[in-house]
>>> print(open('query36.cif').read())   # mmCIF, C-alpha atoms
data_input
#
loop_
_atom_site.label_atom_id
_atom_site.label_comp_id
_atom_site.auth_asym_id
_atom_site.auth_seq_id
_atom_site.Cartn_x
_atom_site.Cartn_y
_atom_site.Cartn_z
CA MET A 165 0.49 -59.80 -46.97
CA PRO A 166 2.79 -60.67 -44.11
CA GLU A 167 1.53 -63.99 -42.92
CA GLY A 168 1.51 -65.20 -39.36
CA LYS A 169 2.24 -61.73 -38.09
CA GLN A 170 1.21 -61.71 -34.47
CA GLY A 171 -1.52 -59.38 -33.30
CA SER A 172 -2.98 -58.80 -36.74
CA PRO A 173 -6.14 -60.82 -37.18
CA THR A 174 -7.23 -61.41 -40.77
CA ALA A 175 -9.96 -58.79 -40.49
CA MET A 176 -7.20 -56.18 -40.14
CA ASN A 177 -6.00 -56.81 -43.65
CA ARG A 178 -9.39 -56.53 -45.25
CA THR A 179 -9.88 -53.57 -47.56
CA ALA A 180 -13.56 -52.74 -47.99
CA VAL A 181 -15.01 -50.58 -50.74
CA GLU A 182 -18.54 -49.31 -50.56
CA ARG A 183 -20.53 -47.05 -52.81
CA LYS A 184 -22.11 -44.78 -50.26
CA SER A 185 -24.22 -42.72 -52.64
CA ASP A 186 -24.35 -41.87 -56.32
CA ARG A 187 -21.35 -39.54 -55.92
CA GLU A 188 -19.41 -41.09 -53.03
CA LEU A 189 -17.09 -44.03 -52.60
CA ILE A 190 -15.70 -45.18 -49.29
CA VAL A 191 -12.62 -47.34 -48.79
CA THR A 192 -11.79 -48.61 -45.30
CA ARG A 193 -8.93 -50.56 -43.83
CA ALA A 194 -7.60 -51.08 -40.32
CA PHE A 195 -3.88 -50.94 -39.57
CA ASN A 196 -2.19 -52.47 -36.58
CA ALA A 197 -0.36 -49.31 -35.53
CA PRO A 198 -1.12 -45.98 -33.84
CA ALA A 199 -2.47 -43.12 -35.96
CA HIS A 200 0.72 -41.02 -35.88
CA ILE A 201 2.61 -43.83 -37.61
CA VAL A 202 -0.02 -44.42 -40.28
CA PHE A 203 -0.29 -40.67 -40.86
CA GLU A 204 3.49 -40.43 -41.27
CA ALA A 205 3.32 -42.90 -44.16
CA TRP A 206 0.74 -40.64 -45.88
CA SER A 207 2.51 -37.35 -45.29
CA LYS A 208 6.22 -38.03 -45.93
CA PRO A 209 7.02 -38.28 -49.64
CA GLU A 210 9.87 -40.74 -49.14
CA LEU A 211 7.42 -43.14 -47.43
CA PHE A 212 4.33 -42.34 -49.49
CA LYS A 213 6.01 -43.16 -52.81
CA ARG A 214 6.89 -46.63 -51.51
CA TRP A 215 3.25 -47.72 -51.22
CA TRP A 216 0.97 -45.47 -53.32
CA VAL A 217 2.06 -47.28 -56.49
CA PRO A 218 2.70 -50.86 -55.42
CA LYS A 219 5.19 -52.75 -57.58
CA SER A 220 2.56 -55.31 -58.52
CA LEU A 221 0.81 -52.66 -60.63
CA GLY A 222 3.74 -52.37 -63.03
CA MET A 223 4.04 -48.60 -62.69
CA SER A 224 6.81 -46.49 -61.27
CA MET A 225 6.69 -43.12 -59.61
CA LEU A 226 9.15 -40.75 -61.27
CA SER A 227 8.65 -37.93 -58.84
CA CYS A 228 6.62 -37.28 -55.74
CA ASP A 229 6.33 -33.68 -54.59
CA MET A 230 4.13 -33.13 -51.57
CA ASP A 231 3.73 -30.00 -49.51
CA VAL A 232 1.54 -31.55 -46.85
CA ARG A 233 -0.03 -28.56 -45.11
CA THR A 234 -3.37 -26.82 -45.57
CA GLY A 235 -3.23 -25.00 -48.92
CA GLY A 236 -0.11 -26.89 -50.02
CA VAL A 237 0.04 -28.66 -53.37
CA TYR A 238 1.14 -32.09 -54.55
CA ARG A 239 2.30 -33.43 -57.88
CA PHE A 240 3.01 -37.09 -58.68
CA VAL A 241 4.51 -38.21 -61.95
CA PHE A 242 4.16 -41.83 -63.01
CA ARG A 243 5.52 -43.93 -65.78
CA HIS A 244 3.92 -47.04 -67.17
CA PRO A 245 5.66 -49.22 -69.78
CA ALA A 246 2.52 -49.08 -71.98
CA PHE A 247 2.72 -45.30 -72.32
CA GLU A 248 5.49 -43.26 -73.91
CA GLN A 249 4.93 -40.14 -71.90
CA PRO A 250 4.95 -39.96 -68.12
CA MET A 251 1.67 -38.84 -66.58
CA ALA A 252 1.06 -36.37 -63.80
CA PHE A 253 -1.47 -36.24 -60.99
CA PHE A 254 -1.81 -33.03 -59.03
CA GLY A 255 -3.99 -31.09 -56.64
CA THR A 256 -4.19 -29.14 -53.41
CA TYR A 257 -4.36 -30.15 -49.76
CA ARG A 258 -7.51 -28.48 -48.49
CA GLU A 259 -7.06 -29.61 -44.93
CA VAL A 260 -4.20 -31.19 -43.04
CA THR A 261 -4.82 -32.09 -39.40
CA PRO A 262 -1.84 -34.15 -38.25
CA HIS A 263 -2.66 -37.74 -37.23
CA LYS A 264 -6.38 -37.18 -37.86
CA ARG A 265 -7.45 -35.93 -41.25
CA LEU A 266 -6.27 -35.17 -44.78
CA VAL A 267 -8.39 -33.58 -47.51
CA TRP A 268 -7.12 -33.06 -51.04
CA THR A 269 -8.43 -32.22 -54.48
CA ASN A 270 -7.69 -34.10 -57.71
CA GLU A 271 -7.21 -31.45 -60.36
CA GLU A 272 -6.14 -33.44 -63.44
CA SER A 273 -9.66 -32.95 -64.79
CA ASP A 274 -12.80 -31.07 -63.81
CA GLN A 275 -14.33 -34.45 -62.96
CA GLY A 276 -11.81 -35.17 -60.22
CA ALA A 277 -12.96 -36.22 -56.77
CA VAL A 278 -12.30 -34.52 -53.45
CA THR A 279 -10.60 -37.10 -51.26
CA THR A 280 -10.93 -37.08 -47.47
CA VAL A 281 -8.90 -39.49 -45.39
CA THR A 282 -9.54 -39.89 -41.67
CA PHE A 283 -7.37 -41.74 -39.17
CA GLU A 284 -9.16 -43.07 -36.10
CA GLU A 285 -7.03 -44.63 -33.42
CA ASN A 286 -8.46 -47.16 -31.02
CA ALA A 287 -6.43 -49.38 -28.68
CA GLY A 288 -3.23 -48.91 -30.67
CA LYS A 289 -4.89 -49.70 -34.01
CA THR A 290 -5.94 -47.21 -36.66
CA LEU A 291 -8.98 -47.30 -38.87
CA VAL A 292 -8.31 -45.47 -42.14
CA THR A 293 -11.40 -44.26 -44.00
CA LEU A 294 -10.90 -42.83 -47.46
CA HIS A 295 -13.88 -40.97 -48.82
CA GLU A 296 -14.06 -39.83 -52.44
CA LEU A 297 -16.71 -37.29 -53.40
CA TYR A 298 -17.15 -36.93 -57.16
CA PRO A 299 -18.65 -33.79 -58.75
CA THR A 300 -21.26 -35.85 -60.63
CA THR A 301 -22.72 -39.36 -60.67
CA ALA A 302 -21.25 -39.81 -64.15
CA ALA A 303 -17.74 -39.01 -62.86
CA LEU A 304 -18.02 -41.73 -60.23
CA ASP A 305 -19.45 -44.21 -62.74
CA GLU A 306 -16.54 -43.45 -65.03
CA ALA A 307 -13.99 -43.82 -62.28
CA LEU A 308 -15.45 -47.22 -61.44
CA ALA A 309 -15.78 -48.33 -65.04
CA GLY A 310 -12.19 -47.25 -65.55
CA SER A 311 -12.75 -46.61 -69.20
CA ALA A 312 -14.17 -43.22 -69.91
CA GLU A 313 -12.76 -39.90 -70.86
CA GLY A 314 -12.12 -37.49 -68.06
CA LEU A 315 -10.42 -40.27 -66.19
CA PRO A 316 -6.65 -40.18 -66.15
CA GLU A 317 -5.40 -42.76 -68.60
CA GLN A 318 -3.15 -44.62 -66.28
CA PHE A 319 -5.97 -45.52 -63.94
CA ALA A 320 -7.81 -47.12 -66.81
CA GLN A 321 -4.63 -49.03 -67.51
CA LEU A 322 -4.34 -49.87 -63.87
CA ASP A 323 -7.84 -51.28 -63.83
CA GLU A 324 -7.04 -53.45 -66.82
CA LEU A 325 -3.93 -54.73 -65.13
CA LEU A 326 -5.85 -55.58 -62.03
CA ALA A 327 -8.64 -57.27 -63.96
CA GLY A 328 -6.05 -59.27 -65.90
CA ARG A 329 -4.39 -60.52 -62.72
CA SER A 330 -7.54 -62.04 -61.30
CA MET B 268 -13.34 -62.26 -59.71
CA VAL B 269 -16.54 -61.67 -61.59
CA GLN B 270 -16.19 -62.12 -65.33
CA TYR B 271 -18.41 -60.06 -67.52
CA ASN B 272 -19.16 -60.09 -71.15
CA GLU B 273 -17.80 -57.17 -73.18
CA THR B 274 -20.70 -57.04 -75.59
CA ARG B 275 -23.09 -56.73 -72.72
CA LEU B 276 -20.89 -54.07 -71.20
CA ASP B 277 -21.11 -52.10 -74.47
CA ALA B 278 -24.89 -52.44 -74.41
CA SER B 279 -24.83 -51.26 -70.82
CA PHE B 280 -22.78 -48.18 -71.60
CA ALA B 281 -25.08 -47.33 -74.50
CA ALA B 282 -28.05 -47.76 -72.19
CA LEU B 283 -26.36 -45.63 -69.55
CA SER B 284 -25.50 -42.81 -71.95
CA ASP B 285 -28.96 -41.32 -71.40
CA ALA B 286 -29.72 -39.22 -68.33
CA THR B 287 -33.32 -40.44 -68.05
CA ARG B 288 -32.23 -44.07 -68.15
CA ARG B 289 -29.60 -43.44 -65.49
CA GLY B 290 -32.33 -41.79 -63.45
CA VAL B 291 -34.59 -44.82 -63.92
CA LEU B 292 -31.83 -47.15 -62.67
CA GLU B 293 -31.22 -44.92 -59.70
CA GLN B 294 -34.93 -44.93 -58.94
CA LEU B 295 -35.13 -48.72 -59.24
CA SER B 296 -32.13 -49.14 -56.97
CA ARG B 297 -34.33 -47.65 -54.23
CA ALA B 298 -37.55 -49.51 -55.02
CA ASP B 299 -39.28 -51.45 -57.80
CA ALA B 300 -41.71 -49.35 -59.81
CA SER B 301 -44.30 -49.72 -62.54
CA ILE B 302 -43.85 -48.13 -65.97
CA THR B 303 -46.72 -45.77 -65.06
CA ASP B 304 -44.91 -44.71 -61.86
CA LEU B 305 -41.69 -44.11 -63.79
CA ALA B 306 -43.43 -42.18 -66.57
CA GLY B 307 -45.00 -39.93 -63.91
CA LYS B 308 -41.73 -39.39 -62.04
CA PHE B 309 -39.86 -38.45 -65.18
CA HIS B 310 -42.71 -36.43 -66.73
CA MET B 311 -42.90 -38.64 -69.81
CA THR B 312 -45.54 -40.41 -71.81
CA LEU B 313 -46.08 -44.12 -71.18
CA THR B 314 -44.80 -44.87 -74.68
CA GLY B 315 -41.62 -42.84 -74.11
CA MET B 316 -40.91 -44.59 -70.81
CA LYS B 317 -41.62 -48.02 -72.35
CA LYS B 318 -38.88 -47.31 -74.92
CA HIS B 319 -36.34 -46.37 -72.25
CA VAL B 320 -37.19 -49.43 -70.18
CA GLY B 321 -36.85 -51.56 -73.33
CA VAL B 322 -33.28 -50.33 -73.87
CA LEU B 323 -32.41 -51.02 -70.24
CA GLU B 324 -34.03 -54.45 -70.47
CA ARG B 325 -32.00 -55.45 -73.53
CA ALA B 326 -28.82 -54.48 -71.66
CA ALA B 327 -29.96 -56.73 -68.77
CA LEU B 328 -29.93 -53.71 -66.50
CA VAL B 329 -33.65 -54.00 -65.82
CA THR B 330 -36.15 -56.86 -65.77
CA THR B 331 -39.89 -56.41 -66.05
CA GLU B 332 -42.81 -58.57 -65.06
CA LYS B 333 -46.43 -58.11 -65.96
CA ALA B 334 -49.10 -58.85 -63.40
CA GLY B 335 -52.58 -58.02 -64.61
CA ARG B 336 -52.40 -54.59 -66.23
CA VAL B 337 -49.31 -53.45 -64.34
CA ARG B 338 -45.76 -53.97 -65.60
CA THR B 339 -43.31 -53.85 -62.69
CA CYS B 340 -39.66 -52.94 -63.32
CA ARG B 341 -36.76 -53.93 -61.11
CA LEU B 342 -32.97 -53.84 -61.36
CA GLY B 343 -31.66 -56.69 -63.48
CA MET B 344 -28.76 -58.99 -62.62
CA GLY B 345 -26.68 -57.10 -65.19
CA ALA B 346 -26.84 -53.90 -63.19
CA LEU B 347 -26.01 -55.68 -59.97
CA GLU B 348 -23.16 -57.74 -61.42
CA GLU B 349 -21.50 -54.86 -63.19
CA GLU B 350 -21.64 -52.63 -60.19
CA ALA B 351 -20.19 -55.48 -58.12
CA ALA B 352 -17.44 -56.08 -60.70
CA TRP B 353 -16.50 -52.41 -60.79
CA ILE B 354 -16.45 -52.16 -57.03
CA GLU B 355 -14.33 -55.31 -56.87
CA ARG B 356 -11.75 -53.90 -59.27
CA HIS B 357 -11.59 -50.71 -57.24
CA ARG B 358 -11.18 -52.81 -54.11
CA GLN B 359 -8.27 -54.71 -55.65
CA LEU B 360 -6.46 -51.45 -56.41
CA TRP B 361 -6.87 -50.20 -52.86
CA SER B 362 -6.09 -53.60 -51.41
CA ALA B 363 -2.76 -53.71 -53.28
CA ARG B 364 -1.96 -50.20 -52.12
CA PHE B 365 -2.90 -50.82 -48.53
CA ASP B 366 -0.99 -54.11 -48.41
CA ALA B 367 2.11 -52.12 -49.37
CA LEU B 368 1.23 -49.45 -46.80
CA ASP B 369 0.79 -52.13 -44.16
CA LYS B 370 4.39 -53.26 -44.65
CA ILE B 371 5.69 -49.72 -44.25
CA VAL B 372 3.56 -49.13 -41.17
CA GLU B 373 4.86 -52.36 -39.57
CA HIS B 374 8.42 -51.26 -40.36
CA LEU B 375 7.89 -47.78 -38.85
CA LYS B 376 6.30 -49.30 -35.78
CA SER B 377 9.18 -51.66 -35.05
CA LYS B 378 11.64 -48.83 -35.68
CA GLU B 379 9.79 -46.64 -33.18
CA LYS B 380 9.81 -49.44 -30.61
CA ALA B 381 13.56 -49.99 -31.12
CA ASP B 382 14.20 -46.24 -30.73
CA ALA B 383 12.14 -46.15 -27.53
CA ARG B 384 14.10 -49.07 -26.08
CA ARG B 385 17.37 -47.36 -26.93
CA LYS B 386 16.25 -44.20 -25.12
CA THR B 387 15.24 -45.97 -21.91
CA ARG B 388 18.53 -47.80 -21.75
#
>>> encode(input="query36.cif", output="structure tokens")
Amino acid sequence: MPEGKQGSPTAMNRTAVERKSDRELIVTRAFNAPAHIVFEAWSKPELFKRWWVPKSLGMSMLSCDMDVRTGGVYRFVFRHPAFEQPMAFFGTYREVTPHKRLVWTNEESDQGAVTTVTFEENAGKTLVTLHELYPTTAALDEALAGSAEGLPEQFAQLDELLAGRS
Amino acid sequence: MVQYNETRLDASFAALSDATRRGVLEQLSRADASITDLAGKFHMTLTGMKKHVGVLERAALVTTEKAGRVRTCRLGMGALEEEAAWIERHRQLWSARFDALDKIVEHLKSKEKADARRKTR
């Protein structure tokens, strides 16, 4: 991360993951910018595709279609060198409240989570809380284990990559 | 990063493939319990529950301790370590993503400041 950046204490850069219940995962992170800016990076495809698949993961985003409004759909296509065919992620935006809240479904499988992201601004900083609600305990266990069927292949691969880097 | 043994992970997945055993782990994550308690909660015979606990014990997901006539079960280190390892891998994914997002947010913020300065000029 950018080091020695003024006004961003180390706690800002800390990503926390917590298993809230047997079907819920929560990821939190504070950003040193107002909510409208952070929200922009989540809702404009040309910005979103620059961070959702960080280069360090070895994957590339072939296409990024996002119709960010309530009822709109998204479709992301990724390529990973380990797989011949590109892979698609898709779903629907259930709720879009600018600068405050995004809710979308993950429809690649019937075990996909519903993801809710909230943006809370306080004194020019924004706390992002990403909440994933899985349909079953097993679906969450599988997502965490990163190995089971029902989980999109590339995330399993992603997990391996991450484990290998540590 | 926590290293974990693949053989033990296999044993864990085998142990976790059963709904009753997953239920037992969930129960033990709230509070320790005796085999008798667990058998009652899951409407099973003592012998049946002993078998399930045995499978969980071999996978290091549960430890048991006998005091007098009561065998108390609690979550084993295996369960705690694996959960921690999984959560940590998930955290690394999000951390990498959010580090990249952080850079974009910083860039947008300085751009907005520069635009605002230009306007007030």
>>> interface_residues(input="query36.cif", of="chain B", to="chain A", cutoff="8 Å", atoms="all atoms listed in the file", output="ChimeraX atom specification")
/B:268,353-373,375-376
>>> residues_around(input="query36.cif", residues="B:Thr339", least_positions_apart="3", cutoff="6 Å", atoms="all atoms listed in the file", output="JSON, numbers by chain")
{"B": [300, 301, 331, 332]}
>>> atom_distance(input="query36.cif", atom1="atom CA of B:Ile302", atom2="atom CA of B:Arg338")
6.2 Å
>>> atom_distance(input="query36.cif", atom1="atom CA of A:Ser273", atom2="atom CA of A:Ala303")
10.3 Å
>>> atom_distance(input="query36.cif", atom1="atom CA of A:Gly235", atom2="atom CA of A:Val260")
8.6 Å
>>> resolve_selection(input="query36.cif", expression="the PyMOL selection byres ((chain B and resi 330) around 9)", output="number ranges by chain")
B: 320, 323-325, 327-329, 331-332, 339-344
>>> resolve_selection(input="query36.cif", expression="the PyMOL selection byres ((chain A and resi 276-279) around 10)", output="PyMOL selection string")
chain A and resi 187-190+255-258+266-275+280-281+294-300+303-304+307+314-316
>>> residues_around(input="query36.cif", residues="stretch 223-234 of chain A", least_positions_apart="3", cutoff="6 Å", atoms="all atoms listed in the file", output="VMD selection string")
chain A and resid 237 to 244 257 to 260
>>> write_last_selection(input="query36.cif", atoms="C-alpha atoms", output="mmCIF file, in the frame of the given file")
data_model
loop_
_atom_site.group_PDB
_atom_site.id
_atom_site.type_symbol
_atom_site.label_atom_id
_atom_site.label_comp_id
_atom_site.auth_asym_id
_atom_site.auth_seq_id
_atom_site.Cartn_x
_atom_site.Cartn_y
_atom_site.Cartn_z
ATOM 1 C CA VAL A 237 0.040 -28.660 -53.370
ATOM 2 C CA TYR A 238 1.140 -32.090 -54.550
ATOM 3 C CA ARG A 239 2.300 -33.430 -57.880
ATOM 4 C CA PHE A 240 3.010 -37.090 -58.680
ATOM 5 C CA VAL A 241 4.510 -38.210 -61.950
ATOM 6 C CA PHE A 242 4.160 -41.830 -63.010
ATOM 7 C CA ARG A 243 5.520 -43.930 -65.780
ATOM 8 C CA HIS A 244 3.920 -47.040 -67.170
ATOM 9 C CA TYR A 257 -4.360 -30.150 -49.760
ATOM 10 C CA ARG A 258 -7.510 -28.480 -48.490
ATOM 11 C CA GLU A 259 -7.060 -29.610 -44.930
ATOM 12 C CA VAL A 260 -4.200 -31.190 -43.040
#
>>> axis_aligned_box(input="query36.cif", around="stretch 284-298 of chain A", padding_each_side="4 Å", output="JSON")
{"center_x": -10.2, "center_y": -43.3, "center_z": -42.9, "size_x": 21.9, "size_y": 20.8, "size_z": 36.5}
